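For reference, the structure is listed below as structure tokens.
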Amino acid sequence: MSSMAKPKDGDESVMSQITSAIISTSVFKPNQGRVVRQVTFFALWLLLGLALWLFAAYLLDWFRGNEVATYVSAFAVGGVAFWLAYRSVNIPSFTDFLIGVEAEMRKVTWPTKKELIAGAAVVLFVVVSLAVLMFGFDFIWTAIFTWLGVR
């Protein structure tokens, strides 16, 4: 008898979920969380694209100026990055999280333009007031320490 617990039916580890989601071609819960999935996909693709841009500069040095090999390698890595970004939004646990995010975002009460301007004005007033107050304290303490000869 083994001391290790056997996994229950349907109880997959996170790594096996990620692996099966990356290899799979199906879309998990295709009609739910569409907008937030698209935004997440494009954000991931942008991050991977920026990393690929830096990687291409590294490849130019590595291939010693052979631009064809550089661009073929960058294109291949870009294709893999696109696939990983596309498939990552279909990992079941991550997809459920994104669906939950979209459901919560629909419940948010967004401020009107007038409320937004009023709130921004309050924040700016408080920030400027605190900056003036801090400047005043700094000026006074500098004068006191200079008068005492500490500074």
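Here's how to read the names in the structure tokens: chain A, B, ... by the order shown, residue numbers from 1 in each chain, ligand numbers from 1 in the order shown.
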Picked from chain A by DSSP as alpha helix (DSSP H), as number ranges by chain: A: 14-23, 34-62, 67-88, 92-107, 113-148
Residues from the last selection, C-alpha atoms, saved as a compact mmCIF listing (two decimals), in the first residue's frame:
```txt
# COMPACT_ATOMS: atom_id res chain seq x y z
CA VAL A 14 -1.95 22.74 -12.40
CA MET A 15 0.97 21.66 -14.59
CA SER A 16 -1.09 18.99 -16.31
CA GLN A 17 -3.85 21.56 -16.92
CA ILE A 18 -1.34 23.98 -18.43
CA THR A 19 0.26 21.28 -20.57
CA SER A 20 -3.06 19.99 -21.87
CA ALA A 21 -4.29 23.55 -22.53
CA ILE A 22 -1.15 24.48 -24.49
CA ILE A 23 -1.26 21.33 -26.64
CA ARG A 34 -14.92 36.80 -24.47
CA VAL A 35 -13.97 40.46 -23.98
CA VAL A 36 -11.64 39.96 -21.04
CA ARG A 37 -9.99 37.02 -22.82
CA GLN A 38 -9.33 39.14 -25.89
CA VAL A 39 -7.85 41.96 -23.80
CA THR A 40 -5.70 39.51 -21.85
CA PHE A 41 -4.55 37.81 -25.05
CA PHE A 42 -3.50 41.11 -26.65
CA ALA A 43 -1.72 42.20 -23.44
CA LEU A 44 0.19 38.90 -23.32
CA TRP A 45 0.95 39.14 -27.02
CA LEU A 46 2.26 42.69 -26.54
CA LEU A 47 4.52 41.58 -23.68
CA LEU A 48 5.80 38.62 -25.66
CA GLY A 49 6.24 40.86 -28.72
CA LEU A 50 8.37 43.30 -26.73
CA ALA A 51 10.44 40.41 -25.41
CA LEU A 52 10.76 39.14 -28.98
CA TRP A 53 11.97 42.56 -30.13
CA LEU A 54 14.75 42.41 -27.53
CA PHE A 55 15.42 38.80 -28.48
CA ALA A 56 15.81 39.75 -32.16
CA ALA A 57 18.50 42.27 -31.23
CA TYR A 58 20.28 39.48 -29.35
CA LEU A 59 19.88 37.16 -32.35
CA LEU A 60 21.55 39.70 -34.66
CA ASP A 61 24.66 39.47 -32.52
CA TRP A 62 24.40 35.72 -32.20
CA GLU A 67 19.70 38.70 -41.22
CA VAL A 68 17.82 35.81 -42.84
CA ALA A 69 18.58 33.45 -39.95
CA THR A 70 17.73 36.21 -37.50
CA TYR A 71 14.34 36.93 -39.04
CA VAL A 72 13.47 33.26 -39.50
CA SER A 73 14.35 32.59 -35.86
CA ALA A 74 12.44 35.67 -34.69
CA PHE A 75 9.43 34.65 -36.78
CA ALA A 76 9.51 31.12 -35.36
CA VAL A 77 9.79 32.39 -31.79
CA GLY A 78 7.04 34.91 -32.56
CA GLY A 79 4.77 32.12 -33.76
CA VAL A 80 5.41 30.14 -30.61
CA ALA A 81 4.77 33.27 -28.52
CA PHE A 82 1.48 33.89 -30.37
CA TRP A 83 0.40 30.30 -29.78
CA LEU A 84 1.34 30.42 -26.09
CA ALA A 85 -0.53 33.71 -25.58
CA TYR A 86 -3.58 32.35 -27.40
CA ARG A 87 -3.59 29.06 -25.55
CA SER A 88 -2.83 30.54 -22.12
CA PRO A 92 -9.32 26.08 -17.39
CA SER A 93 -8.41 27.66 -14.05
CA PHE A 94 -7.20 30.88 -15.71
CA THR A 95 -10.26 30.99 -17.97
CA ASP A 96 -12.57 30.61 -14.97
CA PHE A 97 -10.71 33.49 -13.30
CA LEU A 98 -11.10 35.69 -16.40
CA ILE A 99 -14.81 34.82 -16.64
CA GLY A 100 -15.20 35.81 -12.99
CA VAL A 101 -13.34 39.09 -13.64
CA GLU A 102 -15.67 39.96 -16.49
CA ALA A 103 -18.73 39.11 -14.37
CA GLU A 104 -17.50 41.39 -11.57
CA MET A 105 -16.66 44.20 -14.00
CA ARG A 106 -20.26 44.15 -15.23
CA LYS A 107 -21.39 44.84 -11.65
CA LYS A 113 -18.11 62.52 -16.42
CA LYS A 114 -19.20 65.12 -13.87
CA GLU A 115 -18.43 62.80 -10.92
CA LEU A 116 -15.07 61.89 -12.46
CA ILE A 117 -14.05 65.54 -12.85
CA ALA A 118 -15.18 66.36 -9.30
CA GLY A 119 -13.26 63.39 -7.86
CA ALA A 120 -10.12 64.29 -9.84
CA ALA A 121 -10.37 67.90 -8.62
CA VAL A 122 -10.55 66.72 -4.99
CA VAL A 123 -7.50 64.48 -5.45
CA LEU A 124 -5.49 67.23 -7.14
CA PHE A 125 -6.44 69.74 -4.41
CA VAL A 126 -5.36 67.35 -1.66
CA VAL A 127 -2.06 66.51 -3.39
CA VAL A 128 -1.19 70.18 -4.01
CA SER A 129 -2.19 71.11 -0.43
CA LEU A 130 0.00 68.38 1.02
CA ALA A 131 2.91 69.43 -1.23
CA VAL A 132 2.59 73.05 -0.04
CA LEU A 133 2.34 71.89 3.59
CA MET A 134 5.43 69.67 3.25
CA PHE A 135 7.34 72.54 1.61
CA GLY A 136 6.35 74.81 4.49
CA PHE A 137 7.50 72.29 7.11
CA ASP A 138 10.76 71.73 5.25
CA PHE A 139 11.38 75.47 4.99
CA ILE A 140 10.68 76.04 8.70
CA TRP A 141 12.83 73.10 9.88
CA THR A 142 15.67 74.15 7.57
CA ALA A 143 15.55 77.67 9.03
CA ILE A 144 15.52 76.31 12.59
CA PHE A 145 18.45 73.94 12.00
CA THR A 146 20.42 76.66 10.21
CA TRP A 147 19.79 79.07 13.11
CA LEU A 148 20.96 76.39 15.57
```
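Between atom CA of A:Pro30 and atom CA of A:Asn90 lies a distance of 8.9 Å.
Counting only C-alpha atoms and comparing A:Val150, A:Val108, A:Val89, A:Ser13, the residue that lies closest to A:Ser26 is A:Val89.
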